[in-house]
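Next comes coords-v4.cif, with mmCIF, C-alpha atoms and all ligand atoms.
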```cif
data_structure
#
loop_
_atom_site.group_PDB
_atom_site.id
_atom_site.type_symbol
_atom_site.label_atom_id
_atom_site.label_comp_id
_atom_site.auth_asym_id
_atom_site.auth_seq_id
_atom_site.Cartn_x
_atom_site.Cartn_y
_atom_site.Cartn_z
ATOM 1 C CA MET A 1 30.847 2.456 -1.203
ATOM 2 C CA HIS A 2 27.132 3.072 -1.731
ATOM 3 C CA ASP A 3 24.886 0.134 -0.832
ATOM 4 C CA ALA A 4 23.657 -0.558 -4.322
ATOM 5 C CA ALA A 5 27.146 -0.187 -5.756
ATOM 6 C CA ALA A 6 28.454 -2.623 -3.139
ATOM 7 C CA LEU A 7 25.826 -5.143 -4.070
ATOM 8 C CA ARG A 8 26.478 -4.824 -7.788
ATOM 9 C CA GLU A 9 30.056 -5.793 -6.958
ATOM 10 C CA VAL A 10 28.760 -9.233 -5.978
ATOM 11 C CA LEU A 11 26.529 -9.683 -9.005
ATOM 12 C CA PRO A 12 28.253 -10.967 -12.115
ATOM 13 C CA ARG A 13 28.871 -8.544 -14.911
ATOM 14 C CA ALA A 14 26.803 -9.222 -18.000
ATOM 15 C CA VAL A 15 28.775 -10.265 -21.028
ATOM 16 C CA PRO A 16 26.859 -9.434 -24.213
ATOM 17 C CA ARG A 17 26.562 -12.564 -26.335
ATOM 18 C CA ARG A 18 23.819 -14.601 -27.903
ATOM 19 C CA ALA A 19 21.151 -16.293 -25.788
ATOM 20 C CA ILE A 20 21.114 -20.047 -25.281
ATOM 21 C CA SER A 21 18.260 -22.377 -24.499
ATOM 22 C CA ASN A 22 17.753 -25.727 -22.719
ATOM 23 C CA VAL A 23 19.792 -25.063 -19.572
ATOM 24 C CA GLY A 24 19.516 -28.078 -17.283
ATOM 25 C CA HIS A 25 21.901 -30.725 -16.043
ATOM 26 C CA HIS A 26 24.919 -29.613 -17.967
ATOM 27 C CA THR A 27 28.592 -29.120 -17.408
ATOM 28 C CA LEU A 28 30.610 -26.197 -16.143
ATOM 29 C CA SER A 29 34.058 -26.342 -17.730
ATOM 30 C CA VAL A 30 37.202 -24.285 -17.698
ATOM 31 C CA ARG A 31 39.942 -24.466 -20.277
ATOM 32 C CA ASN A 32 43.482 -23.182 -19.672
ATOM 33 C CA LEU A 33 42.239 -20.732 -17.079
ATOM 34 C CA SER A 34 44.875 -18.445 -15.569
ATOM 35 C CA PHE A 35 44.689 -15.440 -13.306
ATOM 36 C CA ALA A 36 47.558 -13.175 -12.307
ATOM 37 C CA ILE A 37 47.830 -9.891 -10.446
ATOM 38 C CA ASP A 38 50.944 -7.726 -10.685
ATOM 39 C CA GLY A 39 52.865 -10.617 -12.179
ATOM 40 C CA HIS A 40 51.827 -12.907 -9.313
ATOM 41 C CA LYS A 41 50.288 -16.074 -10.786
ATOM 42 C CA ILE A 42 47.324 -17.010 -8.627
ATOM 43 C CA LEU A 43 45.719 -19.603 -10.911
ATOM 44 C CA LYS A 44 47.905 -21.474 -13.388
ATOM 45 C CA ASN A 45 46.463 -22.908 -16.564
ATOM 46 C CA ILE A 46 43.558 -24.796 -14.996
ATOM 47 C CA SER A 47 41.256 -27.069 -17.018
ATOM 48 C CA PHE A 48 38.394 -29.227 -15.717
ATOM 49 C CA ASP A 49 34.789 -30.317 -16.218
ATOM 50 C CA LEU A 50 32.225 -30.154 -13.434
ATOM 51 C CA PRO A 51 29.128 -32.203 -14.326
ATOM 52 C CA GLY A 52 25.873 -30.359 -13.670
ATOM 53 C CA ASP A 53 24.306 -33.243 -11.789
ATOM 54 C CA GLU A 54 27.122 -33.678 -9.245
ATOM 55 C CA LEU A 55 27.725 -31.510 -6.215
ATOM 56 C CA THR A 56 31.319 -30.293 -6.520
ATOM 57 C CA VAL A 57 33.349 -29.428 -3.440
ATOM 58 C CA LEU A 58 36.456 -27.329 -3.918
ATOM 59 C CA MET A 59 39.114 -27.844 -1.251
ATOM 60 C CA GLY A 60 42.697 -26.817 -0.729
ATOM 61 C CA PRO A 61 44.930 -25.048 1.776
ATOM 62 C CA ASN A 62 44.690 -21.346 2.594
ATOM 63 C CA GLY A 63 45.780 -19.245 -0.343
ATOM 64 C CA ALA A 64 45.422 -22.072 -2.879
ATOM 65 C CA GLY A 65 43.160 -19.899 -5.051
ATOM 66 C CA LYS A 66 39.695 -21.291 -4.255
ATOM 67 C CA SER A 67 37.938 -17.944 -3.746
ATOM 68 C CA VAL A 68 39.636 -16.438 -6.771
ATOM 69 C CA LEU A 69 38.469 -19.398 -8.834
ATOM 70 C CA LEU A 70 34.875 -18.979 -7.620
ATOM 71 C CA ARG A 71 34.997 -15.256 -8.410
ATOM 72 C CA LEU A 72 36.244 -16.024 -11.902
ATOM 73 C CA LEU A 73 33.576 -18.667 -12.443
ATOM 74 C CA HIS A 74 30.897 -16.265 -11.230
ATOM 75 C CA GLY A 75 32.163 -13.513 -13.528
ATOM 76 C CA LEU A 76 33.166 -11.030 -10.827
ATOM 77 C CA ILE A 77 36.708 -10.865 -12.184
ATOM 78 C CA ALA A 78 38.056 -11.585 -15.634
ATOM 79 C CA PRO A 79 40.657 -14.279 -16.298
ATOM 80 C CA SER A 80 44.109 -13.353 -17.553
ATOM 81 C CA ASN A 81 43.764 -16.230 -19.960
ATOM 82 C CA GLY A 82 41.437 -19.119 -20.779
ATOM 83 C CA THR A 83 37.712 -19.688 -21.068
ATOM 84 C CA ILE A 84 34.777 -20.700 -18.892
ATOM 85 C CA LEU A 85 32.052 -22.765 -20.537
ATOM 86 C CA TRP A 86 28.563 -23.836 -19.559
ATOM 87 C CA ASN A 87 27.280 -26.757 -21.581
ATOM 88 C CA GLY A 88 30.174 -26.248 -23.970
ATOM 89 C CA GLU A 89 29.296 -22.604 -24.695
ATOM 90 C CA PRO A 90 31.254 -19.592 -23.468
ATOM 91 C CA ILE A 91 29.473 -18.011 -20.507
ATOM 92 C CA ASP A 92 27.213 -15.256 -21.800
ATOM 93 C CA ARG A 93 24.666 -12.827 -20.418
ATOM 94 C CA SER A 94 21.866 -15.376 -20.301
ATOM 95 C CA ILE A 95 24.008 -17.766 -18.249
ATOM 96 C CA ARG A 96 25.175 -15.029 -15.869
ATOM 97 C CA LYS A 97 21.513 -14.520 -15.055
ATOM 98 C CA ILE A 98 21.132 -18.100 -13.854
ATOM 99 C CA GLN A 99 24.130 -17.901 -11.497
ATOM 100 C CA ALA A 100 24.225 -16.843 -7.863
ATOM 101 C CA MET A 101 26.930 -16.752 -5.225
ATOM 102 C CA VAL A 102 27.072 -16.745 -1.437
ATOM 103 C CA PHE A 103 30.198 -15.214 0.067
ATOM 104 C CA GLN A 104 31.891 -16.175 3.284
ATOM 105 C CA LYS A 105 31.217 -12.658 4.560
ATOM 106 C CA PRO A 106 27.710 -11.687 3.411
ATOM 107 C CA VAL A 107 27.397 -8.383 1.540
ATOM 108 C CA LEU A 108 24.066 -6.949 2.699
ATOM 109 C CA LEU A 109 22.299 -3.644 2.120
ATOM 110 C CA ARG A 110 21.434 -1.221 4.918
ATOM 111 C CA ARG A 111 17.810 -2.213 4.534
ATOM 112 C CA SER A 112 15.421 -4.757 5.963
ATOM 113 C CA VAL A 113 15.762 -8.459 5.321
ATOM 114 C CA LEU A 114 12.764 -8.350 2.957
ATOM 115 C CA SER A 115 14.125 -5.333 1.147
ATOM 116 C CA ASN A 116 17.458 -7.090 0.596
ATOM 117 C CA LEU A 117 15.625 -9.909 -1.143
ATOM 118 C CA ARG A 118 13.511 -7.520 -3.194
ATOM 119 C CA PHE A 119 16.456 -5.384 -4.274
ATOM 120 C CA VAL A 120 18.443 -8.232 -5.792
ATOM 121 C CA MET A 121 15.372 -9.630 -7.484
ATOM 122 C CA GLY A 122 14.576 -6.189 -8.850
ATOM 123 C CA LEU A 123 18.041 -5.995 -10.425
ATOM 124 C CA ARG A 124 17.174 -9.186 -12.299
ATOM 125 C CA GLY A 125 13.711 -7.871 -13.206
ATOM 126 C CA LEU A 126 11.983 -10.245 -10.784
ATOM 127 C CA ALA A 127 9.774 -7.939 -8.686
ATOM 128 C CA LYS A 128 8.120 -9.895 -5.861
ATOM 129 C CA SER A 129 5.480 -9.047 -3.278
ATOM 130 C CA ARG A 130 5.888 -9.768 0.398
ATOM 131 C CA SER A 131 3.588 -12.765 0.196
ATOM 132 C CA GLU A 132 5.496 -14.176 -2.769
ATOM 133 C CA LEU A 133 8.713 -13.988 -0.747
ATOM 134 C CA GLN A 134 7.222 -15.769 2.268
ATOM 135 C CA PRO A 135 8.236 -19.262 1.087
ATOM 136 C CA ILE A 136 11.908 -18.355 0.737
ATOM 137 C CA LEU A 137 11.886 -16.527 4.107
ATOM 138 C CA LYS A 138 10.280 -19.582 5.673
ATOM 139 C CA ARG A 139 12.733 -21.955 4.045
ATOM 140 C CA LEU A 140 15.700 -20.214 5.690
ATOM 141 C CA HIS A 141 13.835 -19.553 8.986
ATOM 142 C CA LEU A 142 13.792 -15.800 8.412
ATOM 143 C CA GLU A 143 10.046 -14.987 8.613
ATOM 144 C CA ALA A 144 10.277 -13.425 12.080
ATOM 145 C CA LEU A 145 13.215 -11.285 10.924
ATOM 146 C CA ALA A 146 11.683 -10.012 7.677
ATOM 147 C CA ASP A 147 11.429 -6.370 8.814
ATOM 148 C CA ARG A 148 14.687 -6.227 10.790
ATOM 149 C CA PRO A 149 17.637 -4.231 9.438
ATOM 150 C CA ALA A 150 19.778 -6.847 7.710
ATOM 151 C CA ARG A 151 23.039 -5.457 9.051
ATOM 152 C CA LEU A 152 21.869 -5.925 12.637
ATOM 153 C CA LEU A 153 21.324 -9.649 12.170
ATOM 154 C CA SER A 154 23.703 -12.105 13.787
ATOM 155 C CA GLY A 155 26.402 -13.661 11.620
ATOM 156 C CA GLY A 156 24.411 -16.872 11.191
ATOM 157 C CA GLU A 157 21.200 -14.972 10.368
ATOM 158 C CA GLN A 158 23.065 -12.878 7.807
ATOM 159 C CA GLN A 159 24.424 -16.025 6.206
ATOM 160 C CA ARG A 160 20.900 -17.486 6.006
ATOM 161 C CA LEU A 161 19.727 -14.256 4.364
ATOM 162 C CA ALA A 162 22.607 -14.377 1.884
ATOM 163 C CA LEU A 163 21.581 -17.910 0.922
ATOM 164 C CA ALA A 164 17.887 -16.933 0.742
ATOM 165 C CA ARG A 165 18.820 -14.046 -1.543
ATOM 166 C CA ALA A 166 20.820 -16.316 -3.813
ATOM 167 C CA LEU A 167 18.035 -18.923 -3.943
ATOM 168 C CA ALA A 168 15.365 -16.295 -4.614
ATOM 169 C CA LEU A 169 17.048 -15.835 -7.995
ATOM 170 C CA LYS A 170 16.339 -19.508 -8.749
ATOM 171 C CA PRO A 171 19.894 -20.131 -9.929
ATOM 172 C CA LYS A 172 20.904 -23.087 -12.063
ATOM 173 C CA ILE A 173 24.513 -22.626 -10.922
ATOM 174 C CA LEU A 174 25.188 -21.766 -7.284
ATOM 175 C CA PHE A 175 28.633 -20.853 -5.930
ATOM 176 C CA LEU A 176 29.053 -21.130 -2.165
ATOM 177 C CA ASP A 177 32.247 -19.831 -0.546
ATOM 178 C CA GLU A 178 32.475 -21.324 2.936
ATOM 179 C CA PRO A 179 28.786 -20.602 3.628
ATOM 180 C CA CYS A 180 28.854 -22.331 7.016
ATOM 181 C CA ALA A 181 32.008 -20.757 8.490
ATOM 182 C CA ASN A 182 31.283 -19.758 12.111
ATOM 183 C CA LEU A 183 27.728 -21.097 12.134
ATOM 184 C CA ASP A 184 26.168 -23.090 14.971
ATOM 185 C CA PRO A 185 25.311 -26.770 14.337
ATOM 186 C CA ALA A 186 21.593 -26.115 13.731
ATOM 187 C CA SER A 187 22.360 -23.416 11.161
ATOM 188 C CA VAL A 188 24.919 -25.663 9.476
ATOM 189 C CA GLN A 189 22.309 -28.392 9.228
ATOM 190 C CA LEU A 190 19.689 -26.005 7.833
ATOM 191 C CA ILE A 191 22.104 -24.726 5.201
ATOM 192 C CA GLU A 192 23.324 -28.206 4.288
ATOM 193 C CA ASP A 193 19.726 -29.477 4.001
ATOM 194 C CA THR A 194 18.886 -26.505 1.790
ATOM 195 C CA ILE A 195 21.940 -27.138 -0.397
ATOM 196 C CA LYS A 196 20.929 -30.796 -0.793
ATOM 197 C CA GLN A 197 17.363 -29.826 -1.753
ATOM 198 C CA GLU A 198 18.691 -27.391 -4.350
ATOM 199 C CA LYS A 199 20.945 -30.067 -5.743
ATOM 200 C CA VAL A 200 18.022 -32.499 -6.043
ATOM 201 C CA GLN A 201 16.071 -29.803 -7.880
ATOM 202 C CA GLY A 202 18.818 -29.665 -10.498
ATOM 203 C CA THR A 203 21.008 -26.754 -9.405
ATOM 204 C CA LYS A 204 24.715 -27.147 -10.113
ATOM 205 C CA ILE A 205 26.477 -26.443 -6.826
ATOM 206 C CA ILE A 206 30.137 -25.595 -6.317
ATOM 207 C CA LEU A 207 31.000 -25.352 -2.633
ATOM 208 C CA VAL A 208 34.268 -24.230 -1.057
ATOM 209 C CA THR A 209 34.855 -25.585 2.423
ATOM 210 C CA HIS A 210 37.677 -26.454 4.812
ATOM 211 C CA ASP A 211 35.297 -28.610 6.837
ATOM 212 C CA ILE A 212 36.276 -32.165 5.903
ATOM 213 C CA LEU A 213 33.195 -33.635 7.587
ATOM 214 C CA GLN A 214 30.949 -31.257 5.669
ATOM 215 C CA ALA A 215 32.724 -32.143 2.439
ATOM 216 C CA ARG A 216 32.169 -35.840 3.202
ATOM 217 C CA ARG A 217 28.473 -35.183 3.832
ATOM 218 C CA LEU A 218 27.876 -33.202 0.658
ATOM 219 C CA ALA A 219 30.498 -33.837 -2.005
ATOM 220 C CA GLU A 220 30.029 -36.029 -5.032
ATOM 221 C CA GLN A 221 33.011 -34.639 -6.890
ATOM 222 C CA LEU A 222 36.131 -33.231 -5.282
ATOM 223 C CA VAL A 223 38.441 -30.655 -6.827
ATOM 224 C CA PHE A 224 41.625 -30.150 -4.822
ATOM 225 C CA LEU A 225 43.582 -26.974 -5.500
ATOM 226 C CA HIS A 226 47.159 -26.409 -4.424
ATOM 227 C CA ARG A 227 49.201 -23.295 -5.174
ATOM 228 C CA GLY A 228 46.917 -22.252 -8.011
ATOM 229 C CA GLU A 229 46.879 -25.640 -9.705
ATOM 230 C CA VAL A 230 44.462 -28.554 -9.683
ATOM 231 C CA ALA A 231 46.230 -31.301 -7.746
ATOM 232 C CA GLU A 232 43.374 -33.732 -8.332
ATOM 233 C CA ILE A 233 39.771 -34.122 -9.388
ATOM 234 C CA THR A 234 38.214 -37.258 -7.974
ATOM 235 C CA PRO A 235 34.821 -38.767 -7.108
ATOM 236 C CA ALA A 236 34.255 -37.912 -3.455
ATOM 237 C CA ASP A 237 34.258 -41.503 -2.164
ATOM 238 C CA ILE A 238 37.665 -42.112 -3.716
ATOM 239 C CA PHE A 239 39.027 -38.767 -2.525
ATOM 240 C CA PHE A 240 38.295 -39.401 1.128
ATOM 241 C CA ASP A 241 39.368 -43.053 1.115
ATOM 242 C CA ALA A 242 42.427 -42.836 -1.107
ATOM 243 C CA PRO A 243 43.284 -39.422 -2.522
ATOM 244 C CA THR A 244 45.521 -39.733 -5.532
ATOM 245 C CA SER A 245 47.673 -36.645 -4.939
ATOM 246 C CA LYS A 246 50.261 -36.271 -2.211
ATOM 247 C CA GLU A 247 48.964 -32.742 -1.615
ATOM 248 C CA ALA A 248 45.427 -33.951 -0.822
ATOM 249 C CA ARG A 249 46.783 -36.764 1.354
ATOM 250 C CA ALA A 250 48.783 -34.261 3.378
ATOM 251 C CA TYR A 251 45.792 -31.896 3.685
ATOM 252 C CA LEU A 252 43.453 -34.663 4.881
ATOM 253 C CA ASP A 253 46.105 -35.825 7.377
ATOM 254 C CA GLY A 254 46.343 -32.285 8.746
ATOM 255 C CA ARG A 255 49.909 -31.834 7.568
ATOM 256 C CA ILE A 256 51.108 -28.411 6.490
ATOM 257 C CA LEU A 257 51.390 -27.990 2.742
ATOM 258 C CA ILE A 258 54.164 -25.871 1.286
HETATM 259 N N1 LIG B 301 42.970 -8.873 -5.333
HETATM 260 C C1 LIG B 301 44.079 -9.556 -5.047
HETATM 261 N N2 LIG B 301 45.296 -8.968 -5.172
HETATM 262 C C2 LIG B 301 46.433 -9.645 -4.912
HETATM 263 N N3 LIG B 301 46.456 -10.920 -4.491
HETATM 264 C C3 LIG B 301 45.290 -11.545 -4.336
HETATM 265 C C4 LIG B 301 44.037 -10.909 -4.605
HETATM 266 N N4 LIG B 301 43.043 -11.773 -4.370
HETATM 267 C C5 LIG B 301 43.642 -12.909 -3.964
HETATM 268 N N5 LIG B 301 44.986 -12.764 -3.935
HETATM 269 C C6 LIG B 301 45.980 -13.800 -3.565
HETATM 270 O O1 LIG B 301 45.652 -14.969 -4.288
HETATM 271 C C7 LIG B 301 45.911 -16.122 -3.513
HETATM 272 C C8 LIG B 301 44.679 -16.993 -3.472
HETATM 273 O O2 LIG B 301 43.665 -16.330 -2.719
HETATM 274 P P1 LIG B 301 42.259 -17.003 -2.427
HETATM 275 O O3 LIG B 301 41.470 -16.042 -1.614
HETATM 276 O O4 LIG B 301 41.670 -17.483 -3.682
HETATM 277 O O5 LIG B 301 42.702 -18.252 -1.552
HETATM 278 P P2 LIG B 301 41.781 -19.368 -0.904
HETATM 279 O O6 LIG B 301 42.214 -20.686 -1.463
HETATM 280 O O7 LIG B 301 40.348 -19.027 -1.057
HETATM 281 O O8 LIG B 301 42.261 -19.286 0.603
HETATM 282 P P3 LIG B 301 41.461 -19.397 2.004
HETATM 283 O O9 LIG B 301 41.262 -20.874 2.232
HETATM 284 O O10 LIG B 301 42.430 -18.830 2.980
HETATM 285 O O11 LIG B 301 40.172 -18.639 1.905
HETATM 286 C C9 LIG B 301 46.362 -15.623 -2.140
HETATM 287 O O12 LIG B 301 47.756 -15.696 -2.084
HETATM 288 C C10 LIG B 301 45.865 -14.195 -2.109
HETATM 289 O O13 LIG B 301 46.748 -13.398 -1.326
#
```
Take the structure I supplied and represent it as structure tokens, if you would.
Amino acid sequence: MHDAAALREVLPRAVPRRAISNVGHHTLSVRNLSFAIDGHKILKNISFDLPGDELTVLMGPNGAGKSVLLRLLHGLIAPSNGTILWNGEPIDRSIRKIQAMVFQKPVLLRRSVLSNLRFVMGLRGLAKSRSELQPILKRLHLEALADRPARLLSGGEQQRLALARALALKPKILFLDEPCANLDPASVQLIEDTIKQEKVQGTKIILVTHDILQARRLAEQLVFLHRGEVAEITPADIFFDAPTSKEARAYLDGRILI
């Protein structure tokens, strides 16, 4: 696949609808959301509300449907049934523009680090000079790598670039799919600190992780998925002390879920 085409695959498709105003601390909701492929039901009639001012962590065993749910929420795939709402309104083009996503395996262009940032911003009509991009490079410790080919970066450096690219879009809703998988402790801390700063600045964050300690450090709200269904949605402190579902209890105890 051509570079630009590959990157467009990770940007949400615009859905033509009316514009909305006053986006801030609102709520991301799904109603009766289902997704099936070839008759295989991957997500089954899910409904929930994720308050804009709480950091939501999405957990669940392998194959539960977490990545598929993030891709649906981000608009990369269309649901078989159901609706996704931001502040009570169906997601439209103006809301797609305030979303960004970081994938577990970064999708980067065969260009420099700087050029990767510029390209995505250009797609959103946000042309930026080198000096204007310095703060975001600095924030993710990428200044010294700005002119390096992105695909030659280490895994951790690529993940920092993927986060920088998402943040450069100044998203109000940020989806993170295991952004710290395979990162060293310093990189994990940098990414977690950056996520916390974004949250404080009012970005709605939905993070998928299998790292229970990371979830404890970051989560305010916990959504636990099991076999395509929401087993529980709980404030994080309750979830880790006394999960209400047997599925979450088994997961936290390290028992295999069937
Ligand atoms: N394009 C697809 N075609 C067919 N099946 C798919 C497709 N995408 C996902 N699936 C299936 O949907 C289920 C959920 O996948 P998903 O990647 O969302 O799981 P996950 O909860 O993110 O798991 P993990 O923790 O292992 O990353 C899996 O059984 C997967 O095989």
Any idea what's packed within 7 Å of Ser34 of chain A, counting all atoms listed in the file, ignoring anything in its chain fewer than 4 positions away? Could you give it as a PyMOL selection string?
chain A and resi 43-46+79-82
Decode the PyMOL selection byres (((chain A and resi 233-240) around 10) and not hetatm) for the given file into explicit residues and return them as a count of residues only.
31
Please build the interface table for chain A against ligand LIG 301 (chain B) with a cut-off of 10 Å, listing for each qualifying residue the nearest atom pair and the distance in Å to one decimal; count only C-alpha atoms and all ligand atoms, order rows by chain and increasing number, and write it as CSV.
```
residue,atom,partner,partner_atom,distance
A:Phe35,CA,B:LIG301,O1,9.1
A:Ala36,CA,B:LIG301,N3,8.2
A:Ile37,CA,B:LIG301,C2,5.7
A:Asp38,CA,B:LIG301,C2,7.6
A:Gly39,CA,B:LIG301,C2,9.8
A:His40,CA,B:LIG301,N3,7.5
A:Lys41,CA,B:LIG301,O1,8.1
A:Ile42,CA,B:LIG301,O1,5.1
A:Leu43,CA,B:LIG301,C8,8.0
A:Leu58,CA,B:LIG301,O6,9.1
A:Met59,CA,B:LIG301,O6,7.8
A:Gly60,CA,B:LIG301,O6,6.2
A:Pro61,CA,B:LIG301,O9,5.6
A:Asn62,CA,B:LIG301,O10,3.4
A:Gly63,CA,B:LIG301,O5,3.5
A:Ala64,CA,B:LIG301,O6,3.8
A:Gly65,CA,B:LIG301,O4,3.2
A:Lys66,CA,B:LIG301,O6,3.8
A:Ser67,CA,B:LIG301,O4,3.8
A:Val68,CA,B:LIG301,O4,3.8
A:Leu69,CA,B:LIG301,O4,6.4
A:Leu70,CA,B:LIG301,O4,8.0
A:Arg71,CA,B:LIG301,O4,8.5
A:Leu72,CA,B:LIG301,O4,10.0
A:Ile77,CA,B:LIG301,N1,9.5
A:Gln104,CA,B:LIG301,O11,8.7
A:Asp177,CA,B:LIG301,O7,8.2
A:Glu178,CA,B:LIG301,O11,8.2
A:Val208,CA,B:LIG301,O7,8.0
A:Thr209,CA,B:LIG301,O9,8.0
A:His210,CA,B:LIG301,O9,7.1
A:Leu225,CA,B:LIG301,O6,7.6
A:His226,CA,B:LIG301,O6,8.1
A:Arg227,CA,B:LIG301,C8,7.9
A:Gly228,CA,B:LIG301,C8,7.3
```
What is the atom CA of Gln201 of chain A-atom CA of Ala150 of chain A distance in Å, reported with one decimal?
28.0 Å
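Those residues returned by the PyMOL selection byres (((chain A and resi 152) around 12) and not hetatm) for this file are Leu108, Leu109, Arg110, Arg111, Ser112, Val113, Leu145, Asp147, Arg148, Pro149, Ala150, Arg151, Leu153, Ser154, Gly155, Gly156, Glu157, Gln158 and Leu161 of chain A.
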Those same residues, written as a tab-separated table (two decimals), in the frame of the given file with C-alpha atoms?
```
chain	number	residue	atom	x	y	z
A	108	LEU	CA	24.07	-6.95	2.70
A	109	LEU	CA	22.30	-3.64	2.12
A	110	ARG	CA	21.43	-1.22	4.92
A	111	ARG	CA	17.81	-2.21	4.53
A	112	SER	CA	15.42	-4.76	5.96
A	113	VAL	CA	15.76	-8.46	5.32
A	145	LEU	CA	13.22	-11.28	10.92
A	147	ASP	CA	11.43	-6.37	8.81
A	148	ARG	CA	14.69	-6.23	10.79
A	149	PRO	CA	17.64	-4.23	9.44
A	150	ALA	CA	19.78	-6.85	7.71
A	151	ARG	CA	23.04	-5.46	9.05
A	153	LEU	CA	21.32	-9.65	12.17
A	154	SER	CA	23.70	-12.10	13.79
A	155	GLY	CA	26.40	-13.66	11.62
A	156	GLY	CA	24.41	-16.87	11.19
A	157	GLU	CA	21.20	-14.97	10.37
A	158	GLN	CA	23.06	-12.88	7.81
A	161	LEU	CA	19.73	-14.26	4.36
```
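Nearest residue to Pro90 of chain A, choosing from A:Ala127, A:Ile256, A:Val30, A:Val200 and counting all atoms listed in the file: A:Val30.
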Exactly which residues make up the result of the PyMOL selection byres (((chain A and resi 138-141) around 8) and not hetatm) on this file, given as a VMD selection string?
chain A and resid 134 to 137 142 to 144 160 to 161 163 to 164 190 to 191 194
Selected residue, from A:Leu28, A:Ile84, A:Ala250, A:Val120, that lies nearest to Ala168 of chain A when counting all atoms listed in the file
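Nearest candidate to Ala168 of chain A out of A:Leu28, A:Ile84, A:Ala250, A:Val120: A:Val120.
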One decimal, in Å: what's the spacing between atom CA of Ala186 of chain A and atom CA of Leu213 of chain A?
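Atom-to-atom, atom CA of Ala186 of chain A to atom CA of Leu213 of chain A, that is 15.1 Å.
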What does the distance between atom CA of Asp184 of chain A and atom CA of Met121 of chain A come to in Å, to one decimal place?
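One can read the atom CA of Asp184 of chain A to atom CA of Met121 of chain A distance as 28.3 Å.
Residues lying within 12 Å of His26 of chain A, counting all atoms listed in the file and ignoring same-chain neighbours fewer than 3 positions away, are Ser21, Asn22, Val23, Ser29, Asp49, Leu50, Pro51, Gly52, Asp53, Glu54, Leu85, Trp86, Asn87, Gly88, Glu89, Ile95, Lys172, Ile173, Gly202, Thr203, Lys204 and Ile205 of chain A.
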